[in-house]
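Asker: I am sharing model25.cif, which consists of mmCIF, C-alpha atoms and all ligand atoms:
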data_query
#
loop_
_atom_site.label_atom_id
_atom_site.label_comp_id
_atom_site.auth_asym_id
_atom_site.auth_seq_id
_atom_site.Cartn_x
_atom_site.Cartn_y
_atom_site.Cartn_z
CA MET A 30 101.84 93.53 119.88
CA LYS A 31 103.72 96.44 121.42
CA VAL A 32 106.25 97.98 119.05
CA GLY A 33 108.86 100.26 120.64
CA ILE A 34 110.53 102.63 118.20
CA ILE A 35 113.80 104.45 118.83
CA GLY A 36 113.22 107.86 117.26
CA GLY A 37 110.10 109.96 116.88
CA GLY A 38 110.38 111.56 113.44
CA GLN A 39 108.33 111.11 110.30
CA LEU A 40 109.54 107.56 109.63
CA ALA A 41 108.36 106.48 113.10
CA GLN A 42 105.13 108.35 112.47
CA MET A 43 104.47 106.56 109.16
CA LEU A 44 105.36 103.18 110.70
CA ALA A 45 102.73 103.75 113.39
CA GLN A 46 100.18 104.96 110.86
CA ALA A 47 100.75 101.78 108.83
CA GLY A 48 100.37 99.62 111.94
CA GLN A 49 97.10 101.32 112.82
CA THR A 50 95.35 100.76 109.47
CA THR A 51 92.34 98.44 109.55
CA ASP A 52 93.96 95.73 107.43
CA MET A 53 96.75 95.40 110.02
CA SER A 54 94.29 95.26 112.91
CA SER A 55 94.70 91.51 113.44
CA LEU A 56 98.17 92.30 114.81
CA ALA A 57 96.69 94.78 117.33
CA MET A 58 99.77 96.95 117.25
CA ASP A 59 100.49 99.68 119.77
CA PHE A 60 103.42 102.03 119.45
CA ALA A 61 105.77 103.85 121.79
CA PHE A 62 108.55 106.21 120.80
CA VAL A 63 111.69 107.05 122.67
CA ALA A 64 112.96 110.41 121.43
CA PRO A 65 114.57 113.34 123.22
CA GLU A 66 112.53 115.97 121.34
CA LYS A 67 109.40 117.04 123.24
CA ASP A 68 107.63 117.89 119.99
CA ALA A 69 108.50 114.61 118.18
CA CYS A 70 106.08 114.38 115.26
CA ALA A 71 105.33 110.67 115.84
CA ALA A 72 104.15 111.32 119.41
CA ALA A 73 100.47 111.66 118.49
CA TYR A 74 100.45 108.02 117.35
CA GLY A 75 101.44 106.34 120.59
CA LYS A 76 103.22 106.75 123.86
CA HIS A 77 106.18 109.11 123.89
CA PHE A 78 109.07 108.66 126.30
CA VAL A 79 111.11 111.87 126.25
CA TYR A 80 114.63 110.68 127.09
CA PRO A 81 118.06 111.17 125.52
CA TYR A 82 119.04 107.86 123.91
CA LEU A 83 121.92 107.19 126.27
CA GLU A 84 119.99 107.89 129.45
CA PRO A 85 119.36 104.55 131.29
CA LYS A 86 115.65 105.40 131.38
CA ALA A 87 115.49 105.21 127.58
CA LYS A 88 116.55 101.58 127.66
CA GLU A 89 114.33 100.83 130.65
CA ALA A 90 111.24 102.31 129.00
CA LEU A 91 111.76 100.31 125.81
CA GLU A 92 112.54 97.14 127.74
CA ASN A 93 109.51 97.40 130.02
CA TRP A 94 107.01 98.56 127.44
CA SER A 95 107.84 96.71 124.20
CA ASP A 96 107.37 93.22 122.78
CA VAL A 97 109.70 94.11 119.92
CA VAL A 98 111.98 97.11 119.34
CA THR A 99 112.94 98.79 116.09
CA TYR A 100 114.47 102.13 115.10
CA GLU A 101 113.77 104.78 112.50
CA PHE A 102 117.27 106.11 111.86
CA GLU A 103 120.89 105.06 112.13
CA SER A 104 122.32 107.97 114.14
CA ILE A 105 121.48 106.32 117.45
CA PRO A 106 123.96 104.81 119.90
CA VAL A 107 124.82 101.22 118.95
CA ALA A 108 125.24 100.58 122.70
CA LEU A 109 121.50 101.15 123.28
CA VAL A 110 120.60 98.53 120.67
CA GLN A 111 123.23 96.13 122.00
CA GLU A 112 121.90 96.43 125.56
CA LEU A 113 118.30 96.04 124.44
CA GLU A 114 118.90 93.00 122.32
CA LYS A 115 120.13 91.12 125.38
CA VAL A 116 116.59 91.30 126.76
CA LYS A 117 114.19 91.87 123.81
CA PRO A 118 113.92 91.10 120.13
CA VAL A 119 115.43 94.13 118.34
CA HIS A 120 115.22 94.40 114.54
CA PRO A 121 117.34 95.31 112.67
CA SER A 122 120.15 94.01 114.89
CA SER A 123 123.08 95.94 116.34
CA LYS A 124 125.25 94.18 113.75
CA ALA A 125 123.23 95.80 110.95
CA LEU A 126 123.32 99.16 112.74
CA THR A 127 127.11 98.98 113.24
CA LEU A 128 127.52 98.43 109.52
CA ALA A 129 125.10 101.06 108.35
CA SER A 130 125.96 103.85 110.76
CA ASP A 131 129.54 104.16 109.53
CA ARG A 132 130.30 104.85 105.88
CA LEU A 133 133.66 103.05 106.14
CA ASN A 134 132.12 99.82 107.50
CA GLU A 135 129.43 100.04 104.87
CA LYS A 136 131.82 100.43 101.95
CA ASN A 137 134.15 97.69 103.22
CA MET A 138 131.19 95.34 103.57
CA PHE A 139 129.99 96.08 100.02
CA ASN A 140 133.46 95.39 98.64
CA GLN A 141 133.79 92.17 100.67
CA GLN A 142 130.51 91.03 99.12
CA GLY A 143 131.95 91.71 95.67
CA ILE A 144 129.72 94.79 95.28
CA GLU A 145 131.43 97.74 93.63
CA THR A 146 131.59 101.19 95.26
CA ALA A 147 133.24 104.50 94.46
CA ARG A 148 136.97 104.50 95.25
CA PHE A 149 137.45 105.60 98.83
CA ALA A 150 140.08 106.19 101.52
CA THR A 151 139.88 106.89 105.24
CA VAL A 152 140.70 110.39 106.43
CA ASN A 153 141.50 111.28 110.04
CA SER A 154 143.78 114.27 109.47
CA LEU A 155 144.76 116.85 106.88
CA GLU A 156 147.78 114.68 105.97
CA ASP A 157 145.45 111.73 105.37
CA LEU A 158 143.31 113.93 103.15
CA GLN A 159 146.31 114.96 101.09
CA LYS A 160 147.29 111.29 100.61
CA ALA A 161 143.68 110.26 99.96
CA VAL A 162 143.36 112.78 97.13
CA VAL A 163 146.33 111.15 95.39
CA GLU A 164 144.76 107.70 95.84
CA VAL A 165 141.17 108.55 94.98
CA GLY A 166 141.62 111.45 92.55
CA LEU A 167 139.58 114.63 92.04
CA PRO A 168 136.76 115.54 91.96
CA ALA A 169 135.90 113.78 95.18
CA ILE A 170 133.60 114.12 98.18
CA LEU A 171 134.82 114.30 101.76
CA LYS A 172 132.15 112.80 104.04
CA THR A 173 131.93 112.31 107.78
CA ARG A 174 131.81 108.58 108.50
CA ARG A 175 128.89 108.99 110.91
CA ASP A 176 125.72 111.03 111.37
CA GLY A 177 125.46 112.44 107.85
CA TYR A 178 122.06 112.75 106.19
CA ASP A 179 120.47 114.88 103.47
CA GLY A 180 123.94 115.77 102.23
CA LYS A 181 125.00 117.12 105.64
CA GLY A 182 128.60 116.43 106.68
CA GLN A 183 129.83 116.44 103.07
CA VAL A 184 132.14 118.70 101.08
CA VAL A 185 132.81 118.42 97.36
CA LEU A 186 136.47 118.82 96.41
CA ARG A 187 137.36 119.86 92.88
CA ASP A 188 140.81 121.35 93.35
CA GLU A 189 143.79 120.70 95.63
CA SER A 190 143.57 124.29 96.90
CA GLU A 191 140.29 123.39 98.65
CA LEU A 192 141.68 120.69 100.95
CA VAL A 193 142.50 122.79 104.02
CA ALA A 194 139.15 124.58 104.09
CA ALA A 195 137.29 121.30 103.51
CA TRP A 196 139.10 119.53 106.33
CA ASP A 197 138.63 122.51 108.68
CA SER A 198 134.89 122.55 108.00
CA LEU A 199 134.45 118.92 109.12
CA ALA A 200 137.44 118.24 111.44
CA PRO A 201 138.19 116.70 113.81
CA VAL A 202 135.74 113.88 113.05
CA ALA A 203 136.61 110.66 111.21
CA CYS A 204 135.87 110.98 107.50
CA ILE A 205 136.19 109.17 104.22
CA LEU A 206 137.10 110.59 100.84
CA GLU A 207 135.09 109.18 97.95
CA SER A 208 135.73 109.67 94.26
CA MET A 209 132.93 111.54 92.50
CA VAL A 210 131.01 108.99 90.46
CA ASN A 211 129.79 109.99 87.02
CA PHE A 212 126.58 107.99 87.15
CA LYS A 213 123.89 107.68 84.48
CA ARG A 214 121.12 107.67 87.08
CA GLU A 215 120.60 107.05 90.78
CA VAL A 216 118.26 104.28 91.85
CA SER A 217 117.47 102.56 95.10
CA ILE A 218 116.27 99.11 95.96
CA VAL A 219 114.05 98.68 99.00
CA ALA A 220 113.30 95.22 100.40
CA SER A 221 111.92 93.67 103.56
CA ARG A 222 113.13 90.43 105.16
CA ASN A 223 111.27 88.72 107.97
CA VAL A 224 112.65 86.67 110.84
CA ALA A 225 112.09 83.45 108.86
CA GLY A 226 114.29 84.77 106.02
CA GLU A 227 111.54 85.51 103.48
CA ILE A 228 112.43 88.57 101.35
CA ALA A 229 110.01 90.85 99.49
CA TYR A 230 111.61 93.27 97.00
CA TYR A 231 110.07 96.56 95.90
CA PRO A 232 110.34 97.75 92.31
CA LEU A 233 113.32 100.08 91.89
CA ALA A 234 112.92 103.81 92.42
CA GLU A 235 114.80 106.38 90.36
CA ASN A 236 115.99 109.22 92.56
CA TYR A 237 116.81 112.87 91.90
CA HIS A 238 118.72 114.93 94.48
CA ARG A 239 119.39 118.65 94.80
CA GLU A 240 121.78 120.07 97.42
CA GLY A 241 122.30 116.47 98.63
CA ILE A 242 118.59 116.12 99.50
CA LEU A 243 116.24 113.70 97.75
CA ARG A 244 113.66 115.72 95.83
CA LEU A 245 111.91 113.24 93.53
CA SER A 246 111.54 109.45 93.38
CA LEU A 247 109.86 107.62 90.51
CA SER A 248 108.68 104.04 90.85
CA LEU A 249 110.09 101.94 88.00
CA GLN A 250 107.99 99.17 86.56
CA HIS A 251 109.91 96.29 84.93
CA ASP A 252 113.29 98.00 85.06
CA PRO A 253 115.89 95.88 83.21
CA LYS A 254 118.21 96.14 86.22
CA GLN A 255 115.67 95.08 88.85
CA GLN A 256 117.20 91.62 89.26
CA GLU A 257 120.76 92.94 89.50
CA ALA A 258 119.71 95.32 92.28
CA GLN A 259 117.81 92.55 94.08
CA ASP A 260 120.91 90.36 93.99
CA ILE A 261 122.87 93.15 95.71
CA ILE A 262 120.41 93.73 98.53
CA ARG A 263 119.83 90.00 99.01
CA LYS A 264 123.57 89.40 99.51
CA VAL A 265 123.71 92.17 102.11
CA MET A 266 120.56 91.06 103.93
CA GLU A 267 121.55 87.42 104.07
CA ASP A 268 125.11 88.17 105.11
CA VAL A 269 123.89 90.23 108.08
CA GLY A 270 120.86 88.06 108.88
CA TYR A 271 118.92 91.27 108.46
CA VAL A 272 115.31 91.62 109.64
CA GLY A 273 113.13 94.57 108.62
CA THR A 274 112.98 96.94 105.65
CA MET A 275 116.27 98.08 104.16
CA ALA A 276 117.26 100.37 101.29
CA VAL A 277 120.43 100.30 99.22
CA GLU A 278 121.20 103.41 97.16
CA LEU A 279 122.87 102.59 93.86
CA PHE A 280 124.69 104.57 91.19
CA ASP A 281 123.90 103.15 87.77
CA LEU A 282 127.14 103.28 85.80
CA GLY A 283 125.58 101.82 82.65
CA ASP A 284 127.34 98.46 82.60
CA LYS A 285 127.05 97.89 86.35
CA PHE A 286 125.97 99.33 89.67
CA ALA A 287 128.14 100.92 92.34
CA ALA A 288 126.58 100.87 95.80
CA ASN A 289 126.43 104.23 97.58
CA GLU A 290 124.97 103.53 101.00
CA LEU A 291 122.56 101.31 102.87
CA SER A 292 119.85 102.34 105.28
CA PRO A 293 118.83 99.89 108.01
CA ARG A 294 115.26 101.20 107.99
CA VAL A 295 112.37 102.37 105.89
CA HIS A 296 113.65 104.89 103.35
CA ASN A 297 112.51 108.14 101.80
CA SER A 298 112.82 106.66 98.30
CA GLY A 299 110.26 104.01 99.34
CA HIS A 300 107.54 106.49 100.34
CA TRP A 301 105.92 106.08 96.91
CA SER A 302 104.89 102.58 98.10
CA MET A 303 102.29 104.10 100.49
CA ASP A 304 100.06 104.79 97.49
CA GLY A 305 101.77 103.02 94.61
CA ALA A 306 102.40 99.51 95.92
CA ILE A 307 99.91 96.97 97.19
CA ALA A 308 101.64 96.92 100.59
CA SER A 309 103.86 99.79 101.71
CA GLN A 310 107.45 99.54 102.95
CA PHE A 311 106.12 100.52 106.39
CA LYS A 312 103.65 97.63 106.57
CA ASN A 313 106.25 95.17 105.43
CA HIS A 314 108.72 96.46 108.00
CA LEU A 315 106.19 95.79 110.76
CA LEU A 316 105.31 92.37 109.33
CA ALA A 317 109.02 91.50 109.02
CA ILE A 318 109.95 92.40 112.60
CA THR A 319 106.94 90.54 114.00
CA ASN A 320 107.75 87.55 111.77
CA GLN A 321 104.56 87.58 109.75
CA PRO A 322 104.32 86.61 106.08
CA LEU A 323 105.25 89.63 103.94
CA GLN A 324 102.71 91.28 101.66
CA ASP A 325 102.69 92.04 97.95
CA THR A 326 105.23 94.73 96.97
CA SER A 327 104.15 95.07 93.36
CA ILE A 328 103.11 98.35 91.79
CA GLN A 329 99.39 99.05 91.65
CA ASN A 330 99.93 102.36 89.89
CA ALA A 331 103.08 104.16 88.77
CA THR A 332 103.86 106.74 91.44
CA ALA A 333 106.15 109.72 91.84
CA MET A 334 107.12 111.09 95.24
CA VAL A 335 108.08 114.73 95.69
CA ASN A 336 109.63 115.79 98.99
CA LEU A 337 108.43 118.95 100.71
CA ILE A 338 111.53 120.71 102.01
CA GLY A 339 111.22 123.75 104.24
CA GLY A 340 107.46 124.22 103.86
CA ILE A 341 104.11 122.82 102.76
CA PRO A 342 102.58 124.18 99.53
CA ASP A 343 98.94 125.30 99.29
CA LYS A 344 97.01 122.15 100.22
CA LYS A 345 93.92 123.12 98.22
CA ALA A 346 96.00 123.55 95.07
CA VAL A 347 97.59 120.12 95.62
CA ALA A 348 94.16 118.55 96.17
CA ARG A 349 93.10 119.76 92.71
CA ILE A 350 95.81 117.64 91.06
CA PRO A 351 94.36 114.21 90.22
CA GLY A 352 96.19 111.37 91.96
CA ALA A 353 98.15 113.65 94.33
CA VAL A 354 98.19 112.75 98.03
CA LEU A 355 99.88 115.13 100.47
CA TYR A 356 101.52 113.92 103.69
CA ASP A 357 102.14 116.66 106.23
CA TYR A 358 104.40 115.36 109.02
CA GLY A 359 103.30 118.18 111.33
CA LYS A 360 106.86 119.45 111.77
CA GLU A 361 107.80 123.07 112.23
CA PRO A 362 109.02 124.33 108.85
CA LYS A 363 112.72 125.27 108.73
CA PRO A 364 114.94 125.82 105.68
CA GLY A 365 116.26 122.48 104.43
CA ARG A 366 113.96 120.44 106.71
CA LYS A 367 111.76 117.66 105.31
CA VAL A 368 108.25 118.50 106.47
CA GLY A 369 106.18 116.29 104.19
CA HIS A 370 105.91 114.64 100.80
CA ILE A 371 103.42 114.34 97.97
CA ASN A 372 102.74 111.07 96.18
CA ILE A 373 101.41 111.48 92.66
CA CYS A 374 99.79 108.35 91.27
CA ALA A 375 99.10 107.57 87.63
CA ASP A 376 95.56 106.63 86.69
CA GLY A 377 96.24 103.38 84.80
CA ASP A 378 99.18 102.54 82.55
CA ASN A 379 98.53 105.15 79.88
CA ASP A 380 97.72 108.22 81.94
CA GLU A 381 98.71 111.15 79.72
CA ASN A 382 98.36 113.51 82.65
CA PHE A 383 100.84 111.68 84.88
CA VAL A 384 103.99 113.57 83.86
CA PRO A 385 102.15 116.94 83.65
CA ASN A 386 100.84 116.29 87.18
CA ILE A 387 104.36 115.56 88.49
CA ILE A 388 105.52 118.77 86.80
CA LYS A 389 102.74 120.77 88.45
CA VAL A 390 103.85 119.52 91.87
CA LEU A 391 107.53 120.19 91.12
CA GLY A 392 106.49 123.72 90.15
CA MET A 393 104.77 124.17 93.50
CA VAL A 394 108.02 123.36 95.29
CA ASN A 395 110.12 125.55 92.95
CA GLN A 396 112.09 122.72 91.35
CA GLN A 397 112.21 124.25 87.86
CA ASP A 398 115.54 122.69 86.89
CA LEU A 399 114.29 119.29 88.00
CA ILE A 400 111.32 119.77 85.66
CA ALA A 401 113.78 120.36 82.84
CA GLU A 402 115.73 117.24 83.82
CA LEU A 403 112.59 115.11 84.00
CA LEU A 404 111.50 116.32 80.56
CA LYS A 405 114.89 115.35 79.13
CA SER A 406 114.98 111.92 80.81
CA SER A 407 113.98 108.92 78.77
CA PHE A 408 112.00 107.56 81.65
CA TYR A 409 108.36 108.24 80.88
CA LYS A 410 108.66 108.30 77.09
N1 LIG A 501 130.66 109.45 95.40
C1 LIG A 501 129.65 110.14 94.88
N2 LIG A 501 129.62 110.45 93.56
C2 LIG A 501 128.61 111.17 93.03
N3 LIG A 501 127.56 111.64 93.73
C3 LIG A 501 127.53 111.38 95.05
C4 LIG A 501 128.56 110.61 95.70
N4 LIG A 501 128.26 110.51 97.00
C5 LIG A 501 127.10 111.18 97.16
N5 LIG A 501 126.65 111.70 96.01
C6 LIG A 501 125.40 112.47 95.81
O1 LIG A 501 124.97 113.04 97.04
C7 LIG A 501 123.77 112.40 97.51
C8 LIG A 501 123.80 112.26 99.03
O2 LIG A 501 124.93 111.50 99.41
P1 LIG A 501 124.85 110.22 100.37
O3 LIG A 501 126.20 109.63 100.44
O4 LIG A 501 123.76 109.34 99.90
O5 LIG A 501 124.55 110.89 101.76
P2 LIG A 501 123.24 111.05 102.63
O6 LIG A 501 123.52 110.21 103.82
O7 LIG A 501 123.17 112.51 102.92
O8 LIG A 501 122.08 110.53 101.81
C9 LIG A 501 123.74 111.09 96.75
O9 LIG A 501 122.44 110.56 96.66
C10 LIG A 501 124.30 111.52 95.40
O10 LIG A 501 123.34 112.24 94.66
MG MG A 502 121.90 108.83 100.66
#
Is it possible to express this structure as structure tokens?
Answerer:
Amino acid sequence: MKVGIIGGGQLAQMLAQAGQTTDMSSLAMDFAFVAPEKDACAAAYGKHFVYPYLEPKAKEALENWSDVVTYEFESIPVALVQELEKVKPVHPSSKALTLASDRLNEKNMFNQQGIETARFATVNSLEDLQKAVVEVGLPAILKTRRDGYDGKGQVVLRDESELVAAWDSLAPVACILESMVNFKREVSIVASRNVAGEIAYYPLAENYHREGILRLSLSLQHDPKQQEAQDIIRKVMEDVGYVGTMAVELFDLGDKFAANELSPRVHNSGHWSMDGAIASQFKNHLLAITNQPLQDTSIQNATAMVNLIGGIPDKKAVARIPGAVLYDYGKEPKPGRKVGHINICADGDNDENFVPNIIKVLGMVNQQDLIAELLKSSFYK
């Protein structure tokens, strides 16, 4: 089975790694990546076609090479997916991509499904922003509708005096203004749906961000809101006829969830599943898009995932922490860039060293205030 992937970053890399494990060998998967970067970190795991996404050769390469096409991120031209799906199975579909690559489409869809979101308004000019602030209230976040990730393309607004500077920093692109949600915690639900419509749901992850970037995810066993989150992602998946792994980020407001955004792909908050779940989100994505039965998503050991932003800590020191597994994506370190992650697994249900081990890793990546937050949280008590 030849799997063509649009994008050549770490998500494409981990998809290929999952497809090349011995227990997936019956599917005999080969991988090719179309990505404009010559040094794409997935390239070592398959064939690499170095083309800009909108160059006709990008489509041609995927069409000629692949049995099935997928993508690793949503900032790709919808037109490429639309053209490809005329001639090849492409999962997730262009319909899913159209929804998920635009924050306005996404929020409208959630609301149409009866799923709550933050209050929001569209902003295409400074005048719109002034009106939107009246509608939505302050504090609020101005976000570009497209191409935002890791908190990029976002400005927090706390005072009316900040509007002009905020608009100037993002203009002239289409934006939305969202009210700032005072959530109790952030969680995400990851699930995979195959062509036949079977859905496998992962246990919720609790997520901690700093500077708009995910820093820590904790797998949650038997969370009381698991079913409520599953109902949300099921509605979205079934409405779109979605195929593949998807994540929905949720703000827990206490009495209910508000949906933040959806990702039509494997998701950073699901990386814990590589070591913590019986089958990872990457395996289930590949099984879903090739219409195989999905595998067991349940937790085999509680797992925390810590992102490595801007650099890799001393690997020998990490190796001395029991249950810690370091993934180095092989990317050139740059400030703010995700270059790897560490999964920290508990040894059984009553591992007294689990939280201290997470804290050691957070110390290695200089997340002292996250340590304080984790110690205050009721989660592992
Ligand atoms: N409306 C909001 N209210 C409160 N926090 C928010 C809101 N929108 C975003 N955030 C915070 O910023 C993070 C990143 O924003 P998000 O919209 O998920 O963008 P990205 O595409 O960069 O992940 C969120 O996970 C959350 O911590
Ligand atoms: Mg997000």
Asker: Taking all atoms listed in the file into account, produce a table as a tab-separated table in which each residue of chain A with an atom at most 6 Å from an atom of ligand LIG 501 (chain A) appears once, together with its shortest atom pair and the distance in Å to one decimal, ordered by chain and rising number.
Answerer:
residue	atom	partner	partner_atom	distance
A:Ala147	CA	A:LIG501	N1	5.7
A:Gly177	CA	A:LIG501	O6	5.0
A:Tyr178	CA	A:LIG501	O7	3.5
A:Asp179	CA	A:LIG501	O7	3.6
A:Gly180	CA	A:LIG501	O7	3.4
A:Lys181	CA	A:LIG501	O7	5.7
A:Glu207	CA	A:LIG501	N1	5.1
A:Ser208	CA	A:LIG501	N1	5.2
A:Met209	CA	A:LIG501	N2	3.6
A:Val210	CA	A:LIG501	N2	3.7
A:His238	CA	A:LIG501	O10	5.3
A:Gly241	CA	A:LIG501	C7	4.5
Asker: Skip Asp380 of chain A itself and residues of its chain fewer than 6 positions away, then list as a PDB file with C-alpha atoms, in the frame of the given file all residues within 12 Å of it, counting all atoms listed in the file.
Answerer:
ATOM      1  CA  ASN A 330      99.930 102.360  89.890  1.00  0.00           C
ATOM      2  CA  ALA A 331     103.080 104.160  88.770  1.00  0.00           C
ATOM      3  CA  THR A 332     103.860 106.740  91.440  1.00  0.00           C
ATOM      4  CA  PRO A 351      94.360 114.210  90.220  1.00  0.00           C
ATOM      5  CA  GLY A 352      96.190 111.370  91.960  1.00  0.00           C
ATOM      6  CA  ILE A 373     101.410 111.480  92.660  1.00  0.00           C
ATOM      7  CA  CYS A 374      99.790 108.350  91.270  1.00  0.00           C
ATOM      8  CA  ASN A 386     100.840 116.290  87.180  1.00  0.00           C
ATOM      9  CA  ILE A 387     104.360 115.560  88.490  1.00  0.00           C
ATOM     10  CA  TYR A 409     108.360 108.240  80.880  1.00  0.00           C
ATOM     11  CA  LYS A 410     108.660 108.300  77.090  1.00  0.00           C
TER      12      LYS A 410
END
Asker: Which polymer residues have any atom within 7 Å of an atom of Lys76 of chain A, counting all atoms listed in the file, with same-chain residues fewer than 2 positions away left out, as a count of residues only?
Answerer: 5
Asker: List every residue of chain A that has an atom at most 10 Å from any atom of ligand MG 502 (chain A), and for each one report the closest atom pair and its distance in Å to one decimal, counting all atoms listed in the file, with rows sorted by chain and then by increasing residue number, as CSV.
Answerer:
residue,atom,partner,partner_atom,distance
A:Gly177,CA,A:MG502,MG,8.8
A:Tyr178,CA,A:MG502,MG,6.8
A:Asp179,CA,A:MG502,MG,6.8
A:Gly180,CA,A:MG502,MG,7.4
A:Ser217,CA,A:MG502,MG,9.5
A:His238,CA,A:MG502,MG,9.2
A:Gly241,CA,A:MG502,MG,7.9
A:Ile242,CA,A:MG502,MG,8.1
A:Leu243,CA,A:MG502,MG,8.0
A:Ala276,CA,A:MG502,MG,9.7
A:Val277,CA,A:MG502,MG,8.8
A:Glu278,CA,A:MG502,MG,6.5
A:Leu279,CA,A:MG502,MG,9.3
A:Asn289,CA,A:MG502,MG,7.2
A:Glu290,CA,A:MG502,MG,6.1
A:Leu291,CA,A:MG502,MG,7.9
A:Ser292,CA,A:MG502,MG,8.2
A:His296,CA,A:MG502,MG,9.5
A:Asn297,CA,A:MG502,MG,9.5
A:Ser298,CA,A:MG502,MG,9.6
Asker: Could you jot down the atom CA of Phe280 of chain A to atom CA of Leu355 of chain A separation for me, Å, one decimal place?
Answerer: 28.5 Å
Asker: Can you pull out the residues contacting segment 82-91 of chain A? Cut-off 10 Å, using all atoms listed in the file, and skip same-chain residues under 5 positions away; I want them as a PyMOL selection string.
Answerer: chain A and resi 31-36+61-65+77+96-99+105-110+112-113+117
Asker: So which one's closest to Ala200 of chain A, A:Thr50, A:Gln250, A:Gln142, A:Thr173? Using only C-alpha atoms, please.
Answerer: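 Selected residue with least distance to Ala200 of chain A: A:Thr173.
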Asker: What separation in Å, quoted to one decimal, exists between atom CA of Gly270 of chain A and atom CA of Gly38 of chain A?
Answerer: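 Going from atom CA of Gly270 of chain A over to atom CA of Gly38 of chain A covers 26.1 Å.
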Asker: Could you check how far atom CA of Ala45 of chain A sits from atom CA of Ile318 of chain A, in Å to one decimal?
Answerer: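 If I compute the distance from atom CA of Ala45 of chain A to atom CA of Ile318 of chain A, I get 13.5 Å.
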Asker: Compare A:Pro253, A:Gly305, A:Pro342, A:Pro322 by their minimum atom-to-atom distance to Asp376 of chain A, counting only C-alpha atoms, and give me the closest one.
Answerer: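 Going through A:Pro253, A:Gly305, A:Pro342, A:Pro322 one by one, the smallest distance to Asp376 of chain A is for A:Gly305.
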Asker: Near Phe311 of chain A, counting only C-alpha atoms, which residues have an atom at most 8 Å away, once you skip same-chain residues fewer than 3 positions from it, shown as a PyMOL selection string?
Answerer: chain A and resi 43-44+47+274+295+303+314-315
Asker: Might you pull out every residue within 12 Å of Lys344 of chain A, with only C-alpha atoms counted and same-chain residues fewer than 6 positions away left off, and present them as a PDB file with C-alpha atoms, in the coordinates of the input?
Answerer:
ATOM      1  CA  LEU A 337     108.430 118.950 100.710  1.00  0.00           C
ATOM      2  CA  ILE A 350      95.810 117.640  91.060  1.00  0.00           C
ATOM      3  CA  ALA A 353      98.150 113.650  94.330  1.00  0.00           C
ATOM      4  CA  VAL A 354      98.190 112.750  98.030  1.00  0.00           C
ATOM      5  CA  LEU A 355      99.880 115.130 100.470  1.00  0.00           C
ATOM      6  CA  TYR A 356     101.520 113.920 103.690  1.00  0.00           C
ATOM      7  CA  ASP A 357     102.140 116.660 106.230  1.00  0.00           C
ATOM      8  CA  GLY A 369     106.180 116.290 104.190  1.00  0.00           C
ATOM      9  CA  HIS A 370     105.910 114.640 100.800  1.00  0.00           C
ATOM     10  CA  ILE A 371     103.420 114.340  97.970  1.00  0.00           C
ATOM     11  CA  VAL A 390     103.850 119.520  91.870  1.00  0.00           C
ATOM     12  CA  MET A 393     104.770 124.170  93.500  1.00  0.00           C
TER      13      MET A 393
END
Asker: For Asp325 of chain A, which of A:Tyr100, A:Tyr231, A:Phe149, A:Tyr237 is the closest residue, counting all atoms listed in the file?
Answerer: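 Using all atoms listed in the file, the shortest distance to Asp325 of chain A belongs to A:Tyr231.
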Asker: How would segment 371-391 of chain A of the given structure read as a file with C-alpha atoms, as a PDB file, in the first residue's frame?
Answerer:
ATOM      1  CA  ILE A 371       9.309  13.224  25.563  1.00  0.00           C
ATOM      2  CA  ASN A 372       6.716  10.691  26.651  1.00  0.00           C
ATOM      3  CA  ILE A 373       6.880   9.794  30.325  1.00  0.00           C
ATOM      4  CA  CYS A 374       5.037   6.593  31.199  1.00  0.00           C
ATOM      5  CA  ALA A 375       3.881   5.491  34.633  1.00  0.00           C
ATOM      6  CA  ASP A 376       4.970   2.075  35.827  1.00  0.00           C
ATOM      7  CA  GLY A 377       1.578   0.637  36.826  1.00  0.00           C
ATOM      8  CA  ASP A 378      -1.381   2.445  38.389  1.00  0.00           C
ATOM      9  CA  ASN A 379       0.308   3.426  41.641  1.00  0.00           C
ATOM     10  CA  ASP A 380       3.679   4.656  40.456  1.00  0.00           C
ATOM     11  CA  GLU A 381       4.775   7.154  43.114  1.00  0.00           C
ATOM     12  CA  ASN A 382       7.567   8.347  40.862  1.00  0.00           C
ATOM     13  CA  PHE A 383       5.312   9.290  37.954  1.00  0.00           C
ATOM     14  CA  VAL A 384       4.659  12.922  38.917  1.00  0.00           C
ATOM     15  CA  PRO A 385       8.268  13.454  40.134  1.00  0.00           C
ATOM     16  CA  ASN A 386       9.467  12.094  36.773  1.00  0.00           C
ATOM     17  CA  ILE A 387       7.203  14.507  34.849  1.00  0.00           C
ATOM     18  CA  ILE A 388       8.545  17.321  37.038  1.00  0.00           C
ATOM     19  CA  LYS A 389      12.144  16.323  36.283  1.00  0.00           C
ATOM     20  CA  VAL A 390      11.434  16.533  32.553  1.00  0.00           C
ATOM     21  CA  LEU A 391       9.615  19.869  32.902  1.00  0.00           C
TER      22      LEU A 391
END
